[in-house]
Amino acid sequence: MCGIVGYIGKRDSQNILLEGLKKLEYRGYDSAGVAIHTNAGLELRKSKGRISELETRLEAQPLAGFAGIGHTRWATHGKPSDANSHPHADNDMKISVVHNGIIENHLQLKEELEQLGYQFLSETDTEVISHLISHHYEGNITDAVRMAVSQVRGAYAIAVLSEHEPDKLVAVRSASPLIIGVGEGENFIGSDIPAILEHTRDVYILNDGEMAVLTKDGVELMTLEGNFIAREMFRIDWDLMTAEKNGYDTFMLKEIHEQPRAYLDTMRGRIDEGKSILLTGVGLSAVEIRGLTQIHMVACGTAYHAALIGKTVIERLTRIPVEVDLASEYRYRMPVIHKNTLVIVVSQSGETADTLAALREAKQWGAHVMAITNVIGSSVAREADDVLFTQAGPEIAVASTKAYSSQLIAFYLLGMFMAQSLETLDQKALSELIANLERLPSQLEDMLKDLDQIQLLAELISNQNHLFFIGRGLDYSLAMEASLKLKEISYIHSEAYAAGELKHGSLALIEEGTPVIALATQELLMDKTVSNIKEVKARGAYVIALAMEGNTELEKTADQVIYVPRTISLFTPALAVAPLQLLAYYTASIRGNDVDKPRNLAKSVTVE
Ligand code: F6R
């Protein structure tokens, strides 16, 4: 995710900003930049790529000044490029802005601003903010910022430096973290604690709908309505490593907890007043959707497991037949592709060699290729005809968690989007689906607060040598992901089985005490799954079941039941995934493994 740093004080700001940005590098980024108020006015330096490239640029053309803002960008709108890097400025070079988050109504605002004569130099959503502030500026930068953000819808944390009032920085937070660091004769802005930790441990934490005005000598906090806020300063006693993980022990745990936010960001701007799905960036027209005769989904590993769920989602909502392939198999099996085939490749990194090769193969055969990926500017994103970006933010832990679950959200959105064109859902059904979808982030948030049961279960399985996950339908697809997660970080052997298939051979492996994790969230298949649970119980298995809230009858059969909040059956994987990720996580931690960097694995697999 993007990073923000700001400085105002008595020291030269260039190096403070650069050092702050370097402290945010661990979060992942594709470009970086700074704006500094110098003797010559407001000046910007920005560049695509590593911070070292920005540094080289600054070595050649240094900026001297006591106030500045800096940014590391993770592209959400517009590819990584110098022009799209932050800071962005207004046309008079009087106002510069850095921004984290997503402006939902940026297209509409851009159109309005263009009509007023403002010229846009980038493809970002952020640039509308600098022009809006310029538009509203009438001698008071704080008021201009306040008026600008009142027009903006979405999630944002912004920092503003202006030539009009260079002795001030203005910061605003709405659903994207921002802190104000307080020093002596100097003050700081940071999206994250590491950015400013070297200089101060005293911070104000901004809440949503609040802004801060910083001078070198003081900080004023106020609401967006202009009411002053008195707030206690917060003393940070974390070391840098803890701060990088936002207080979590590992990146994986942090990323598991970031999932509600990733869901919100992936949905953001794509749902129109609870009634319809808008997928800007997906160029597939209604006529093209109606002409599709089949869909192929191609991916590797965890992304493949997301595609398996995507298959059920798309088939149920559109009735178009879907095949799912492992990318490493797809290109060599001579798939039957024709021009009415839509091929959807799924890849967090967008750089996986097999997935990329499958994409190229599909294009050669004339298919329309859509990518679901997390990385704007990645090879997959560049080469596909259409891209549906997940907005999970950078994923640092090798084991994928928030990227996987955001892929599920992308499939839900895509399924509904296609169903609109095909008219396979009436308005009532569509609105009901959307209402359930919009509830998922808060339901997941609630689930993530109650972890005691999972920790106890992890103790129980941490000394086992092998175990099974079973389930039917969507539960089976999710079981595959749960099994992979456990294997890759705990190194315990596990297998995912379609619950009805176990008795055709592998039941022989069940003995006294073998743990079986039975996913039973699909209510229509519940009776069948319960029969399969009884089969393994009869052979001595210790059964941990996962069920939707209210299905207490499972307690009669299983040894333990984990409950998942109630939603429609199509969406249960987006909730049930969390306890399964956490089970893998705590099991691996108890075994003393390096959870973020499991042995033999790499985050991005760029070899075949
Ligand atoms: C497992 C995991 C991998 C990736 C796979 C594909 O936790 O992360 O299985 O899912 O290597 O990677 P992407 O999605 O980047 O194509």
# chains A, B, ... in the order shown; residues from 1 in each chain; ligands from 1

$ closest_atom_pairs --of "chain A" --to "ligand 1" --cutoff "6 Å" --atoms "only C-alpha atoms and all ligand atoms" --output "Markdown table"
| residue | atom | partner | partner_atom_place_in_ligand_line | distance |
| --- | --- | --- | --- | --- |
| A:Cys300 | CA | ligand 1 | 6 (C) | 4.6 |
| A:Gly301 | CA | ligand 1 | 9 (O) | 3.3 |
| A:Thr302 | CA | ligand 1 | 10 (O) | 3.7 |
| A:Ala303 | CA | ligand 1 | 10 (O) | 4.6 |
| A:Ser347 | CA | ligand 1 | 14 (O) | 3.4 |
| A:Gln348 | CA | ligand 1 | 14 (O) | 3.6 |
| A:Ser349 | CA | ligand 1 | 15 (O) | 3.6 |
| A:Gly350 | CA | ligand 1 | 15 (O) | 5.6 |
| A:Thr352 | CA | ligand 1 | 16 (O) | 4.5 |
| A:Val398 | CA | ligand 1 | 8 (O) | 5.8 |
| A:Ala399 | CA | ligand 1 | 7 (O) | 3.4 |
| A:Ser400 | CA | ligand 1 | 7 (O) | 3.9 |
| A:Ser604 | CA | ligand 1 | 15 (O) | 5.6 |
| A:Val605 | CA | ligand 1 | 11 (O) | 5.7 |

$ write_last_selection --atoms "N, CA and C atoms" --output "JSON list (two decimals), in the first residue's frame"
[["chain", "number", "residue", "atom", "x", "y", "z"],
["A", 300, "CYS", "N", -2.15, -20.57, -10.75],
["A", 300, "CYS", "CA", -1.29, -21.50, -9.99],
["A", 300, "CYS", "C", -1.58, -21.36, -8.49],
["A", 301, "GLY", "N", -1.35, -22.44, -7.77],
["A", 301, "GLY", "CA", -1.36, -22.43, -6.31],
["A", 301, "GLY", "C", -2.63, -21.85, -5.72],
["A", 302, "THR", "N", -2.44, -20.92, -4.82],
["A", 302, "THR", "CA", -3.57, -20.30, -4.13],
["A", 302, "THR", "C", -4.51, -19.61, -5.11],
["A", 303, "ALA", "N", -3.95, -18.97, -6.13],
["A", 303, "ALA", "CA", -4.80, -18.27, -7.11],
["A", 303, "ALA", "C", -5.67, -19.30, -7.85],
["A", 347, "SER", "N", -3.79, -14.05, -10.82],
["A", 347, "SER", "CA", -2.43, -14.02, -10.28],
["A", 347, "SER", "C", -2.24, -12.83, -9.36],
["A", 348, "GLN", "N", -1.87, -13.08, -8.13],
["A", 348, "GLN", "CA", -1.60, -11.99, -7.20],
["A", 348, "GLN", "C", -0.52, -11.10, -7.77],
["A", 349, "SER", "N", 0.65, -11.71, -8.08],
["A", 349, "SER", "CA", 1.82, -10.93, -8.49],
["A", 349, "SER", "C", 1.71, -10.43, -9.92],
["A", 350, "GLY", "N", 0.98, -11.18, -10.74],
["A", 350, "GLY", "CA", 0.93, -10.85, -12.16],
["A", 350, "GLY", "C", 2.23, -11.18, -12.88],
["A", 352, "THR", "N", 3.76, -14.57, -12.46],
["A", 352, "THR", "CA", 4.02, -16.01, -12.40],
["A", 352, "THR", "C", 4.23, -16.55, -13.82],
["A", 398, "VAL", "N", 5.00, -14.75, 2.31],
["A", 398, "VAL", "CA", 5.00, -15.65, 1.14],
["A", 398, "VAL", "C", 3.63, -16.32, 1.00],
["A", 399, "ALA", "N", 3.07, -16.77, 2.10],
["A", 399, "ALA", "CA", 1.77, -17.45, 2.03],
["A", 399, "ALA", "C", 0.68, -16.41, 1.76],
["A", 400, "SER", "N", -0.04, -16.63, 0.68],
["A", 400, "SER", "CA", -1.04, -15.64, 0.27],
["A", 400, "SER", "C", -2.30, -15.76, 1.14],
["A", 604, "SER", "N", 7.25, -14.83, -5.51],
["A", 604, "SER", "CA", 6.84, -14.73, -6.90],
["A", 604, "SER", "C", 7.61, -15.79, -7.69],
["A", 605, "VAL", "N", 6.87, -16.66, -8.41],
["A", 605, "VAL", "CA", 7.52, -17.79, -9.08],
["A", 605, "VAL", "C", 7.66, -17.45, -10.56]]

$ closest_atom_pairs --of "region 434-481 of chain A" --to "region 523-532 of chain A" --cutoff "9 Å" --atoms "only C-alpha atoms" --output "CSV"
residue,atom,partner,partner_atom,distance
A:Ile470,CA,A:Thr529,CA,8.6
A:Gly471,CA,A:Thr529,CA,6.8
A:Arg472,CA,A:Thr529,CA,7.0
A:Gly473,CA,A:Leu525,CA,8.1

$ write_last_selection --atoms "all heavy atoms" --output "short mmCIF file (atom, residue, chain, number, x, y, z; two decimals), in the first residue's frame"
data_model
loop_
_atom_site.label_atom_id
_atom_site.label_comp_id
_atom_site.auth_asym_id
_atom_site.auth_seq_id
_atom_site.Cartn_x
_atom_site.Cartn_y
_atom_site.Cartn_z
N ILE A 470 -11.96 -31.98 4.61
CA ILE A 470 -13.00 -32.48 3.71
C ILE A 470 -14.12 -31.44 3.56
O ILE A 470 -14.32 -30.59 4.43
CB ILE A 470 -13.59 -33.84 4.17
CG1 ILE A 470 -14.26 -33.71 5.56
CG2 ILE A 470 -12.54 -34.93 4.15
CD1 ILE A 470 -15.08 -34.95 5.95
N GLY A 471 -14.82 -31.53 2.43
CA GLY A 471 -15.94 -30.61 2.20
C GLY A 471 -16.58 -30.94 0.87
O GLY A 471 -16.03 -31.71 0.08
N ARG A 472 -17.74 -30.37 0.64
CA ARG A 472 -18.44 -30.56 -0.63
C ARG A 472 -18.68 -29.20 -1.29
O ARG A 472 -18.87 -28.20 -0.60
CB ARG A 472 -19.80 -31.23 -0.38
CG ARG A 472 -19.70 -32.68 -0.04
CD ARG A 472 -21.04 -33.23 0.41
NE ARG A 472 -20.93 -34.65 0.69
CZ ARG A 472 -21.27 -35.62 -0.16
NH1 ARG A 472 -21.77 -35.34 -1.33
NH2 ARG A 472 -21.11 -36.89 0.18
N GLY A 473 -18.68 -29.20 -2.62
CA GLY A 473 -18.96 -27.96 -3.34
C GLY A 473 -17.94 -26.89 -3.01
O GLY A 473 -16.72 -27.14 -3.00
#

$ atom_distance --atom1 "CA of Leu433 (chain A)" --atom2 "CA of Thr567 (chain A)"
9.7 Å

$ closest_residue --among "A:Leu502, A:Val577, A:Leu451, A:Ala392" --to "Ser483 (chain A)" --atoms "only C-alpha atoms"
A:Val577

$ residues_around --residues "region 41-50 of chain A" --least-positions-apart "2" --cutoff "8 Å" --atoms "only C-alpha atoms" --output "ChimeraX atom specification"
/A:29-39,52-54,57-58,63,80-83,85-87,93-96,162-163

$ write_last_selection --atoms "N, CA and C atoms" --output "compact mmCIF listing (two decimals), in the first residue's frame"
# COMPACT_ATOMS: atom_id res chain seq x y z
N TYR A 29 6.13 -1.05 -3.12
CA TYR A 29 5.79 0.17 -3.83
C TYR A 29 6.34 0.05 -5.24
N ASP A 30 5.89 0.94 -6.12
CA ASP A 30 6.40 0.89 -7.49
C ASP A 30 7.01 2.21 -7.93
N SER A 31 6.85 3.26 -7.12
CA SER A 31 7.44 4.55 -7.48
C SER A 31 7.48 5.42 -6.23
N ALA A 32 8.22 6.52 -6.32
CA ALA A 32 8.36 7.37 -5.14
C ALA A 32 8.57 8.81 -5.57
N GLY A 33 8.29 9.73 -4.66
CA GLY A 33 8.50 11.14 -5.01
C GLY A 33 8.43 12.05 -3.80
N VAL A 34 8.92 13.26 -3.98
CA VAL A 34 8.84 14.27 -2.91
C VAL A 34 8.46 15.61 -3.52
N ALA A 35 7.85 16.46 -2.69
CA ALA A 35 7.63 17.87 -3.04
C ALA A 35 8.19 18.67 -1.88
N ILE A 36 8.99 19.69 -2.22
CA ILE A 36 9.62 20.49 -1.16
C ILE A 36 9.42 21.96 -1.49
N HIS A 37 9.18 22.74 -0.45
CA HIS A 37 9.09 24.18 -0.67
C HIS A 37 10.51 24.75 -0.63
N THR A 38 11.01 25.22 -1.76
CA THR A 38 12.38 25.74 -1.85
C THR A 38 12.32 27.25 -2.10
N ASN A 39 13.49 27.86 -2.18
CA ASN A 39 13.54 29.29 -2.48
C ASN A 39 12.90 29.62 -3.81
N SER A 52 15.96 4.39 -4.62
CA SER A 52 17.33 4.74 -5.02
C SER A 52 17.31 5.56 -6.32
N GLU A 53 16.31 5.30 -7.17
CA GLU A 53 16.23 6.09 -8.41
C GLU A 53 15.82 7.54 -8.12
N LEU A 54 14.93 7.69 -7.16
CA LEU A 54 14.55 9.05 -6.74
C LEU A 54 15.77 9.74 -6.12
N ARG A 57 18.05 11.00 -8.70
CA ARG A 57 17.49 12.22 -9.26
C ARG A 57 17.75 13.41 -8.33
N LEU A 58 17.60 13.16 -7.04
CA LEU A 58 17.78 14.25 -6.06
C LEU A 58 19.26 14.62 -5.90
N LEU A 63 16.97 19.36 -3.58
CA LEU A 63 15.95 20.33 -3.19
C LEU A 63 16.23 20.77 -1.76
N PRO A 80 2.42 2.21 -13.00
CA PRO A 80 3.57 2.88 -12.40
C PRO A 80 4.33 3.66 -13.48
N SER A 81 4.50 4.95 -13.27
CA SER A 81 5.25 5.79 -14.22
C SER A 81 5.66 7.05 -13.48
N ASP A 82 6.58 7.81 -14.07
CA ASP A 82 6.99 9.06 -13.43
C ASP A 82 5.77 9.98 -13.25
N ALA A 83 4.97 10.07 -14.33
CA ALA A 83 3.83 11.00 -14.28
C ALA A 83 2.80 10.59 -13.23
N SER A 85 3.42 8.97 -10.49
CA SER A 85 3.98 8.98 -9.13
C SER A 85 3.48 10.23 -8.40
N HIS A 86 3.40 10.12 -7.09
CA HIS A 86 3.04 11.30 -6.29
C HIS A 86 4.34 11.99 -5.88
N PRO A 87 4.32 13.22 -5.47
CA PRO A 87 3.19 14.13 -5.31
C PRO A 87 2.62 14.58 -6.66
N MET A 93 1.35 24.98 -10.11
CA MET A 93 2.46 24.51 -9.25
C MET A 93 2.46 25.24 -7.90
N LYS A 94 1.29 25.43 -7.36
CA LYS A 94 1.19 26.11 -6.06
C LYS A 94 0.79 25.13 -4.95
N ILE A 95 0.19 24.02 -5.37
CA ILE A 95 -0.34 23.08 -4.37
C ILE A 95 0.11 21.67 -4.73
N SER A 96 0.67 20.96 -3.76
CA SER A 96 1.05 19.57 -4.04
C SER A 96 0.42 18.65 -3.01
N SER A 162 1.61 23.66 0.30
CA SER A 162 1.24 24.67 -0.70
C SER A 162 2.23 25.84 -0.69
N GLU A 163 2.38 26.39 -1.85
CA GLU A 163 3.23 27.55 -2.05
C GLU A 163 2.58 28.80 -1.42

$ atom_distance --atom1 "CA of Leu109 (chain A)" --atom2 "CA of Val282 (chain A)"
20.8 Å

$ atom_distance --atom1 "CA of Gln443 (chain A)" --atom2 "CA of Thr390 (chain A)"
19.5 Å

$ closest_residue --among "A:Lys168, A:Ala89, A:His77, A:Ile517" --to "Thr124 (chain A)" --atoms "only C-alpha atoms"
A:His77

$ select_by_dssp --residues "region 294-513 of chain A" --states "strand (DSSP E or B)" --output "PyMOL selection string"
chain A and resi 294-299+322-326+341-347+368-373+386-389+466-471+493-498

$ closest_residue --among "A:Gly181, A:Gly226, A:Gly3, A:Gly281" --to "Val145 (chain A)" --atoms "only C-alpha atoms"
A:Gly226

$ closest_residue --among "A:Pro177, A:Gly291, A:Gly6, A:Gly269" --to "Asn246 (chain A)" --atoms "only C-alpha atoms"
A:Pro177

$ residues_around --residues "Ser569 (chain A)" --least-positions-apart "4" --cutoff "10 Å" --atoms "only C-alpha atoms" --output "list in words"
Leu474, Asp475, Thr521, Gln522, Glu523, Leu524, Met548 and Pro573 of chain A

$ write_last_selection --atoms "N, CA, C and O atoms" --output "PDB file, in the first residue's frame"
ATOM      1  N   LEU A 474     -18.414 -25.704  -2.705  1.00  0.00           N
ATOM      2  CA  LEU A 474     -17.499 -24.601  -2.386  1.00  0.00           C
ATOM      3  C   LEU A 474     -16.615 -24.936  -1.193  1.00  0.00           C
ATOM      4  O   LEU A 474     -15.473 -24.484  -1.104  1.00  0.00           O
ATOM      5  N   ASP A 475     -17.152 -25.732  -0.273  1.00  0.00           N
ATOM      6  CA  ASP A 475     -16.345 -26.130   0.889  1.00  0.00           C
ATOM      7  C   ASP A 475     -15.138 -26.969   0.455  1.00  0.00           C
ATOM      8  O   ASP A 475     -14.074 -26.908   1.068  1.00  0.00           O
ATOM      9  N   THR A 521     -20.186 -25.568   5.512  1.00  0.00           N
ATOM     10  CA  THR A 521     -20.899 -24.279   5.507  1.00  0.00           C
ATOM     11  C   THR A 521     -22.017 -24.257   4.464  1.00  0.00           C
ATOM     12  O   THR A 521     -22.841 -23.360   4.470  1.00  0.00           O
ATOM     13  N   GLN A 522     -22.007 -25.239   3.557  1.00  0.00           N
ATOM     14  CA  GLN A 522     -23.005 -25.251   2.481  1.00  0.00           C
ATOM     15  C   GLN A 522     -24.248 -25.978   2.967  1.00  0.00           C
ATOM     16  O   GLN A 522     -24.287 -27.221   3.005  1.00  0.00           O
ATOM     17  N   GLU A 523     -25.259 -25.219   3.342  1.00  0.00           N
ATOM     18  CA  GLU A 523     -26.395 -25.824   4.050  1.00  0.00           C
ATOM     19  C   GLU A 523     -27.138 -26.863   3.220  1.00  0.00           C
ATOM     20  O   GLU A 523     -27.602 -27.864   3.751  1.00  0.00           O
ATOM     21  N   LEU A 524     -27.195 -26.670   1.903  1.00  0.00           N
ATOM     22  CA  LEU A 524     -27.926 -27.635   1.075  1.00  0.00           C
ATOM     23  C   LEU A 524     -27.232 -28.997   1.061  1.00  0.00           C
ATOM     24  O   LEU A 524     -27.847 -30.016   0.788  1.00  0.00           O
ATOM     25  N   MET A 548     -21.998 -22.695   9.369  1.00  0.00           N
ATOM     26  CA  MET A 548     -22.596 -21.368   9.520  1.00  0.00           C
ATOM     27  C   MET A 548     -23.314 -21.295  10.855  1.00  0.00           C
ATOM     28  O   MET A 548     -23.887 -22.291  11.308  1.00  0.00           O
ATOM     29  N   PRO A 573     -17.194 -18.889   1.646  1.00  0.00           N
ATOM     30  CA  PRO A 573     -15.719 -19.024   1.623  1.00  0.00           C
ATOM     31  C   PRO A 573     -15.001 -17.743   2.041  1.00  0.00           C
ATOM     32  O   PRO A 573     -13.932 -17.807   2.645  1.00  0.00           O
TER      33      PRO A 573
END

$ residues_around --residues "region 330-344 of chain A" --least-positions-apart "5" --cutoff "8 Å" --atoms "only C-alpha atoms" --output "compact mmCIF listing (two decimals) with N, CA and C atoms, in the first residue's frame"
# COMPACT_ATOMS: atom_id res chain seq x y z
N GLY A 291 -22.30 -13.24 -25.96
CA GLY A 291 -21.77 -14.14 -27.00
C GLY A 291 -20.85 -15.23 -26.45
N LEU A 292 -20.51 -15.17 -25.18
CA LEU A 292 -19.55 -16.16 -24.65
C LEU A 292 -20.16 -17.56 -24.59
N THR A 293 -19.37 -18.52 -25.06
CA THR A 293 -19.87 -19.90 -24.98
C THR A 293 -19.19 -20.68 -23.87
N GLN A 294 -18.02 -20.25 -23.47
CA GLN A 294 -17.33 -20.92 -22.36
C GLN A 294 -16.30 -19.98 -21.74
N ILE A 295 -15.93 -20.31 -20.52
CA ILE A 295 -14.89 -19.55 -19.83
C ILE A 295 -13.84 -20.54 -19.33
N HIS A 296 -12.57 -20.19 -19.54
CA HIS A 296 -11.48 -20.95 -18.93
C HIS A 296 -10.85 -20.08 -17.86
N MET A 297 -10.55 -20.69 -16.73
CA MET A 297 -9.81 -19.96 -15.69
C MET A 297 -8.48 -20.66 -15.48
N VAL A 298 -7.43 -19.88 -15.42
CA VAL A 298 -6.09 -20.47 -15.36
C VAL A 298 -5.27 -19.76 -14.29
N ASP A 325 -8.07 -24.59 -14.90
CA ASP A 325 -6.83 -25.32 -15.14
C ASP A 325 -5.68 -24.74 -14.34
N ALA A 357 2.58 -17.57 -19.38
CA ALA A 357 2.68 -18.40 -20.59
C ALA A 357 1.28 -18.86 -21.03
N ALA A 358 0.43 -19.19 -20.06
CA ALA A 358 -0.93 -19.62 -20.39
C ALA A 358 -1.71 -18.46 -21.02
N LEU A 359 -1.50 -17.28 -20.48
CA LEU A 359 -2.17 -16.08 -21.03
C LEU A 359 -1.78 -15.90 -22.51
N GLU A 361 -0.60 -18.13 -24.57
CA GLU A 361 -1.15 -19.25 -25.35
C GLU A 361 -2.61 -18.94 -25.72
N ALA A 362 -3.38 -18.52 -24.71
CA ALA A 362 -4.80 -18.25 -24.95
C ALA A 362 -4.98 -17.13 -25.98
N TRP A 365 -4.59 -18.22 -29.52
CA TRP A 365 -5.73 -18.93 -30.06
C TRP A 365 -6.95 -18.01 -30.24
N GLY A 366 -6.75 -16.76 -30.00
CA GLY A 366 -7.82 -15.79 -30.30
C GLY A 366 -8.79 -15.54 -29.16
N ALA A 367 -8.49 -16.04 -27.96
CA ALA A 367 -9.41 -15.83 -26.83
C ALA A 367 -9.32 -14.39 -26.34
N HIS A 368 -10.38 -13.94 -25.74
CA HIS A 368 -10.37 -12.66 -25.02
C HIS A 368 -9.82 -12.98 -23.63
N VAL A 369 -8.76 -12.32 -23.21
CA VAL A 369 -8.13 -12.68 -21.92
C VAL A 369 -8.37 -11.58 -20.91
N MET A 370 -8.91 -12.00 -19.78
CA MET A 370 -9.10 -11.07 -18.65
C MET A 370 -8.16 -11.51 -17.53
N ALA A 371 -7.57 -10.53 -16.86
CA ALA A 371 -6.70 -10.87 -15.72
C ALA A 371 -7.36 -10.40 -14.43
N ILE A 372 -7.26 -11.22 -13.41
CA ILE A 372 -7.58 -10.75 -12.06
C ILE A 372 -6.24 -10.73 -11.33

$ residues_around --residues "region 463-465 of chain A" --least-positions-apart "6" --cutoff "10 Å" --atoms "only C-alpha atoms" --output "ChimeraX atom specification"
/A:491-494,513-515,587,590-591

$ write_last_selection --atoms "N, CA and C atoms" --output "compact mmCIF listing (two decimals), in the first residue's frame"
# COMPACT_ATOMS: atom_id res chain seq x y z
N TYR A 491 4.40 -27.22 7.60
CA TYR A 491 5.12 -28.41 7.10
C TYR A 491 4.45 -29.71 7.57
N ILE A 492 3.18 -29.61 7.97
CA ILE A 492 2.42 -30.83 8.29
C ILE A 492 1.75 -31.29 7.00
N HIS A 493 1.85 -32.59 6.73
CA HIS A 493 1.22 -33.09 5.52
C HIS A 493 -0.31 -33.07 5.68
N SER A 494 -0.99 -32.53 4.68
CA SER A 494 -2.45 -32.60 4.75
C SER A 494 -2.99 -32.78 3.34
N GLY A 513 -7.60 -40.82 16.32
CA GLY A 513 -7.00 -39.50 16.58
C GLY A 513 -6.62 -38.70 15.35
N THR A 514 -6.76 -39.26 14.13
CA THR A 514 -6.41 -38.47 12.93
C THR A 514 -7.32 -37.24 12.86
N PRO A 515 -6.71 -36.04 12.81
CA PRO A 515 -7.58 -34.86 12.72
C PRO A 515 -8.22 -34.75 11.33
N THR A 587 -0.64 -22.90 14.05
CA THR A 587 0.02 -24.21 14.08
C THR A 587 1.50 -24.04 13.71
N ILE A 590 3.40 -22.30 16.56
CA ILE A 590 3.68 -23.20 17.69
C ILE A 590 4.87 -24.10 17.35
N ARG A 591 4.96 -24.51 16.10
CA ARG A 591 6.07 -25.38 15.69
C ARG A 591 7.37 -24.60 15.49

$ closest_residue --among "A:Val516, A:Leu214, A:Ala602, A:Ile271" --to "Ile396 (chain A)" --atoms "only C-alpha atoms"
A:Ala602
